Amino acid sequence: MQSIYLLIVLAPLVGAIVAGFFGGRIGRVNAHRVTIAGVGLSAVLSLAVLVGFMWLDLQSFNGTVYTWMVADGMHFEIGFLVDRLTALMMATVTFVSLMVHIYTIGYMADDEHNWPHESLAGRNSYQRFFAYISLFTFSMLMLVMSNNFMQLFFGWEAVGLVSYLLIGFWSTRESAIFANLKAFLVNRVGDFGFILGIAAIGMYFGSMDYAEVFAKAPELAETQIAVFGGVSLMTLICILLFIGAMGKSAQVPLHVWLPDSMEGPTPISALIHAATMVTAGIFMVARMSPLFELSTTALSFVLLVGAITAFFMGLIGLVQNDIKRVVAYSTLSQLGYMTAALGASAYAAGIFHLMTHAFFKALLFLAAGSVIIAMHHDQDIRNMGGLRKYMRITWITALIGSLALIAFPGFSGFFSKDAIIEAVGDSHVFGSGIAWLLLTVGAFVTALYSFRMYYLVFHGKPRMDEHTRHHLHETPWVVTVPLIALAIPSIFIGWFTVEPLLVNNWLGDAIYVKPEHDSLHHLAEHWHGQLAFIAHGMTALPFWLAMAGLALATFVWFFLHQKNPDIDARLQRAAGPLTRLLDNKYGFDDFNQKVFAGGGRGLGQLLWQAGDRALIDGAVVNGSARMVGYVAGVMRHLQTGYLYHYAIAMIVGLVALLTLFVAL
């Protein structure tokens, strides 16, 4: 099996290398063929591995592929841990990536128009983009298949690097450069905590291997270290690791980079938000469950951060007018749900929602991209309306994605999201009560902003200019086929996976939950099938709040909006300070710009003025020159040209030397 696992990882890398280094020679068609072939092969093999774990009793694999070095008894290796958690992630990542690759053929077909004529960066941009997204897939696979912290960190940083390249892909746009720098710097903040956590593991455990660290963890569970007056080693390690996850998975306050990542082309928005990058943090915490279970403090921290992100980031989606940014803030909110599940020790529910969310969120982003293509790259939902008549496939698939997002009964999002809210309600970790309340009310907010966008885009009277309306039509098959392929699991995947994942403990030893932390036991004990689960969910408060949000959105943006197209703007004006607060994103960006960015520039200005100009240039460089000039000015007066002056100087010097000689 090792050769198959190597092929799964290396196939996308080979495609990326060929398209990246030889794209100019092989041309556009061969570039997308080789990358799609690589990711397609990886997807087929990943699905085969998943099938093996589901029905063929395939055994977990944990082995070293290559030993890089050994230092003081610690091994730094490249290795694979392929268990059921890994298999599920591999299949999800590669399938969504394959759909994005196919979709990119249509979306990036006219990419040369996005570059200035004199720009050399636009040359072979089509091939370069395919190389980047294939490299992104390779990086994510290296992360999820790792069996040690060194390889985990490699994959962690690799997805960060490729996201930087893709968010700023249109490098002649100032907004894109600002966005990719923002993403890069914010993630470095999280990664600083992450690498400190790994360093602490190396220091106290003496190993980078997952199995060795997890086996030794119970022995060190009570260890205290002298930090902040004394803190549990496990608490410190877990919080440091989670700070890394806060950056990658965009949790408050390290969430600010994710909405700005919309500056990249839509395919990469889908890939980042659905299957790669942001899911890395969720996967990492689930993989580290044997460590997190030893610290209730860390679990409470994770739970509260997730719940706060889920609710407050969802509210911002209500005032967004860019179609991609509405979907981006929904990603922030859904990541908060996954994170809250991890904090409640419902790791299986978090991974379950990660999987279902990957399908319907990729679907929503790609549907948004289809709309953007038809609208000639206008992304403002206030300029849309009535697209249902012109884009039937995009309309119905976007509706499916929206229903899955709001957890409408029977759709995949219903099973995973309802399980998370129920698990948090059954949790006894500190903060679970307020977390349950935020997640429950968040169901109302999710339905409200999701169907606000849906109705403004697909229903009502067309609000675009006449030229755009005249040329509206459904997008090509390379765009619509991935939409259909993602819509199918967005409806059905929850039906087939809820029982194995949440009831039958299909993940098995891949995750570890202390019996006293098991918040999914109530669901498993009272399981009577999918229909009974749906019926029970339809009696609970989250369902009725979601339906209230759907009903309110329908009343305002379907009925009232047809009579009064200005109703959306009027509502935002009526909200006044609340709208300004949400539109200002709670001031996070302003604070970061003024305090951190402004403080950094101020410190740089101080060091430039005081250090560079005053000390180095003024005192050292120019000061030494002035000193030489001064000394030379004094010394030149000794050169009079008179012989008797020199004779007297010689006599005085000789007397001084003789006196010194006699005295000594």
# chains A, B, ... in the order shown; residues from 1 in each chain; ligands from 1
>>> residues_around(residues="A:His522", least_positions_apart="6", cutoff="9 Å", atoms="only C-alpha atoms", output="ChimeraX atom specification")
/A:422-423,426
>>> write_last_selection(atoms="all heavy atoms", output="mmCIF file, in the first residue's frame")
data_model
loop_
_atom_site.group_PDB
_atom_site.id
_atom_site.type_symbol
_atom_site.label_atom_id
_atom_site.label_comp_id
_atom_site.auth_asym_id
_atom_site.auth_seq_id
_atom_site.Cartn_x
_atom_site.Cartn_y
_atom_site.Cartn_z
ATOM 1 N N GLU A 422 -26.379 19.750 19.046
ATOM 2 C CA GLU A 422 -26.827 18.829 20.087
ATOM 3 C C GLU A 422 -25.655 18.383 20.961
ATOM 4 O O GLU A 422 -25.788 18.287 22.188
ATOM 5 C CB GLU A 422 -27.503 17.617 19.446
ATOM 6 C CG GLU A 422 -28.165 16.691 20.452
ATOM 7 C CD GLU A 422 -29.078 15.678 19.805
ATOM 8 O OE1 GLU A 422 -29.631 15.976 18.729
ATOM 9 O OE2 GLU A 422 -29.239 14.585 20.381
ATOM 10 N N ALA A 423 -24.494 18.144 20.340
ATOM 11 C CA ALA A 423 -23.318 17.711 21.106
ATOM 12 C C ALA A 423 -22.843 18.814 22.043
ATOM 13 O O ALA A 423 -22.482 18.547 23.197
ATOM 14 C CB ALA A 423 -22.200 17.301 20.149
ATOM 15 N N ASP A 426 -24.985 18.960 25.024
ATOM 16 C CA ASP A 426 -24.759 17.850 25.957
ATOM 17 C C ASP A 426 -23.387 17.892 26.624
ATOM 18 O O ASP A 426 -23.102 17.068 27.495
ATOM 19 C CB ASP A 426 -24.909 16.514 25.221
ATOM 20 C CG ASP A 426 -26.363 16.203 24.890
ATOM 21 O OD1 ASP A 426 -27.252 16.757 25.566
ATOM 22 O OD2 ASP A 426 -26.611 15.426 23.951
#
>>> residues_around(residues="stretch 543-549 of chain A", least_positions_apart="5", cutoff="8 Å", atoms="only C-alpha atoms", output="list in words")
Ile406, Ala407, Phe408, Thr440, Val441, Ala443, Phe444, Val445, Thr446, Ala447, Leu448, Gly537 and Met538 of chain A
>>> residues_around(residues="stretch 566-573 of chain A", least_positions_apart="2", cutoff="10 Å", atoms="only C-alpha atoms", output="list in words")
Leu318, Val319, Arg382, Arg452, Leu456, Val556, Trp557, Leu560, His561, Gln562, Lys563, Asn564, Ala575, Gly576, Pro577, Leu578, Thr579, Arg580 and Asp583 of chain A
>>> write_last_selection(atoms="N, CA and C atoms", output="PDB file, in the first residue's frame")
ATOM      1  N   LEU A 318     -24.676  39.583   6.688  1.00  0.00           N
ATOM      2  CA  LEU A 318     -25.944  40.246   6.406  1.00  0.00           C
ATOM      3  C   LEU A 318     -25.776  41.569   5.681  1.00  0.00           C
ATOM      4  N   VAL A 319     -24.614  42.199   5.806  1.00  0.00           N
ATOM      5  CA  VAL A 319     -24.439  43.529   5.215  1.00  0.00           C
ATOM      6  C   VAL A 319     -23.488  43.516   4.026  1.00  0.00           C
ATOM      7  N   ARG A 382     -26.353  43.642  -5.748  1.00  0.00           N
ATOM      8  CA  ARG A 382     -27.356  44.682  -5.996  1.00  0.00           C
ATOM      9  C   ARG A 382     -27.557  44.931  -7.484  1.00  0.00           C
ATOM     10  N   ARG A 452     -30.943  35.844   1.713  1.00  0.00           N
ATOM     11  CA  ARG A 452     -30.844  37.226   1.206  1.00  0.00           C
ATOM     12  C   ARG A 452     -30.048  37.227  -0.082  1.00  0.00           C
ATOM     13  N   LEU A 456     -31.681  37.893  -3.909  1.00  0.00           N
ATOM     14  CA  LEU A 456     -31.196  39.071  -4.630  1.00  0.00           C
ATOM     15  C   LEU A 456     -30.513  38.690  -5.942  1.00  0.00           C
ATOM     16  N   VAL A 556     -38.860  39.466   3.102  1.00  0.00           N
ATOM     17  CA  VAL A 556     -38.198  40.748   2.810  1.00  0.00           C
ATOM     18  C   VAL A 556     -37.644  40.779   1.406  1.00  0.00           C
ATOM     19  N   TRP A 557     -36.851  39.760   1.020  1.00  0.00           N
ATOM     20  CA  TRP A 557     -36.095  39.855  -0.231  1.00  0.00           C
ATOM     21  C   TRP A 557     -36.753  39.132  -1.408  1.00  0.00           C
ATOM     22  N   LEU A 560     -41.265  41.686  -0.499  1.00  0.00           N
ATOM     23  CA  LEU A 560     -41.157  43.135  -0.382  1.00  0.00           C
ATOM     24  C   LEU A 560     -40.205  43.725  -1.411  1.00  0.00           C
ATOM     25  N   HIS A 561     -39.130  42.988  -1.732  1.00  0.00           N
ATOM     26  CA  HIS A 561     -38.132  43.527  -2.649  1.00  0.00           C
ATOM     27  C   HIS A 561     -38.696  43.714  -4.056  1.00  0.00           C
ATOM     28  N   GLN A 562     -39.646  42.883  -4.458  1.00  0.00           N
ATOM     29  CA  GLN A 562     -40.237  43.038  -5.785  1.00  0.00           C
ATOM     30  C   GLN A 562     -41.036  44.330  -5.881  1.00  0.00           C
ATOM     31  N   LYS A 563     -41.681  44.735  -4.789  1.00  0.00           N
ATOM     32  CA  LYS A 563     -42.449  45.976  -4.792  1.00  0.00           C
ATOM     33  C   LYS A 563     -41.565  47.187  -4.532  1.00  0.00           C
ATOM     34  N   ASN A 564     -40.539  46.986  -3.727  1.00  0.00           N
ATOM     35  CA  ASN A 564     -39.662  48.105  -3.361  1.00  0.00           C
ATOM     36  C   ASN A 564     -38.212  47.645  -3.465  1.00  0.00           C
ATOM     37  N   ALA A 575     -30.970  50.315  10.384  1.00  0.00           N
ATOM     38  CA  ALA A 575     -30.187  49.675  11.449  1.00  0.00           C
ATOM     39  C   ALA A 575     -29.116  50.597  12.005  1.00  0.00           C
ATOM     40  N   GLY A 576     -28.713  51.595  11.217  1.00  0.00           N
ATOM     41  CA  GLY A 576     -27.803  52.645  11.679  1.00  0.00           C
ATOM     42  C   GLY A 576     -26.499  52.148  12.256  1.00  0.00           C
ATOM     43  N   PRO A 577     -26.301  52.335  13.578  1.00  0.00           N
ATOM     44  CA  PRO A 577     -25.019  51.959  14.203  1.00  0.00           C
ATOM     45  C   PRO A 577     -24.686  50.478  14.046  1.00  0.00           C
ATOM     46  N   LEU A 578     -25.706  49.617  14.077  1.00  0.00           N
ATOM     47  CA  LEU A 578     -25.448  48.184  13.930  1.00  0.00           C
ATOM     48  C   LEU A 578     -24.889  47.878  12.546  1.00  0.00           C
ATOM     49  N   THR A 579     -25.477  48.507  11.520  1.00  0.00           N
ATOM     50  CA  THR A 579     -24.960  48.310  10.164  1.00  0.00           C
ATOM     51  C   THR A 579     -23.523  48.787  10.053  1.00  0.00           C
ATOM     52  N   ARG A 580     -23.249  49.955  10.632  1.00  0.00           N
ATOM     53  CA  ARG A 580     -21.874  50.484  10.574  1.00  0.00           C
ATOM     54  C   ARG A 580     -20.907  49.570  11.315  1.00  0.00           C
ATOM     55  N   ASP A 583     -20.546  46.517   9.038  1.00  0.00           N
ATOM     56  CA  ASP A 583     -19.825  46.895   7.825  1.00  0.00           C
ATOM     57  C   ASP A 583     -18.358  47.173   8.124  1.00  0.00           C
TER      58      ASP A 583
END
>>> closest_residue(among="A:Trp506, A:Trp257, A:Phe292, A:Phe458", to="A:Ala217", atoms="only C-alpha atoms")
A:Phe292
>>> closest_residue(among="A:Leu483, A:Ala87, A:Val478, A:Ala367", to="A:Ile351", atoms="only C-alpha atoms")
A:Ala87
>>> select_by_dssp(residues="stretch 70-313 of chain A", states="alpha helix (DSSP H)", output="JSON, numbers by chain")
{"A": [84, 85, 86, 87, 88, 89, 90, 91, 92, 93, 94, 95, 96, 97, 98, 99, 100, 101, 102, 103, 104, 105, 106, 107, 125, 126, 127, 128, 129, 130, 131, 132, 133, 134, 135, 136, 137, 138, 139, 140, 141, 142, 143, 144, 149, 150, 151, 152, 153, 154, 155, 156, 157, 158, 159, 160, 161, 162, 163, 164, 165, 166, 167, 174, 175, 176, 177, 178, 179, 180, 181, 182, 183, 184, 185, 186, 187, 188, 189, 190, 191, 192, 193, 194, 195, 196, 197, 198, 199, 200, 201, 202, 203, 204, 205, 210, 211, 212, 213, 214, 215, 216, 233, 234, 235, 236, 237, 238, 239, 240, 241, 242, 243, 244, 245, 246, 247, 248, 257, 258, 259, 260, 266, 267, 268, 269, 270, 271, 272, 273, 274, 278, 279, 280, 281, 282, 283, 284, 285, 286, 287, 289, 290, 291, 292, 296, 297, 298, 299, 300, 301, 302, 303, 304, 305, 306, 307, 308, 309, 310, 311, 312, 313]}
>>> residues_around(residues="stretch 14-21 of chain A", least_positions_apart="4", cutoff="10 Å", atoms="only C-alpha atoms", output="number ranges by chain")
A: 7, 9-10, 25-28, 30-39, 124-138
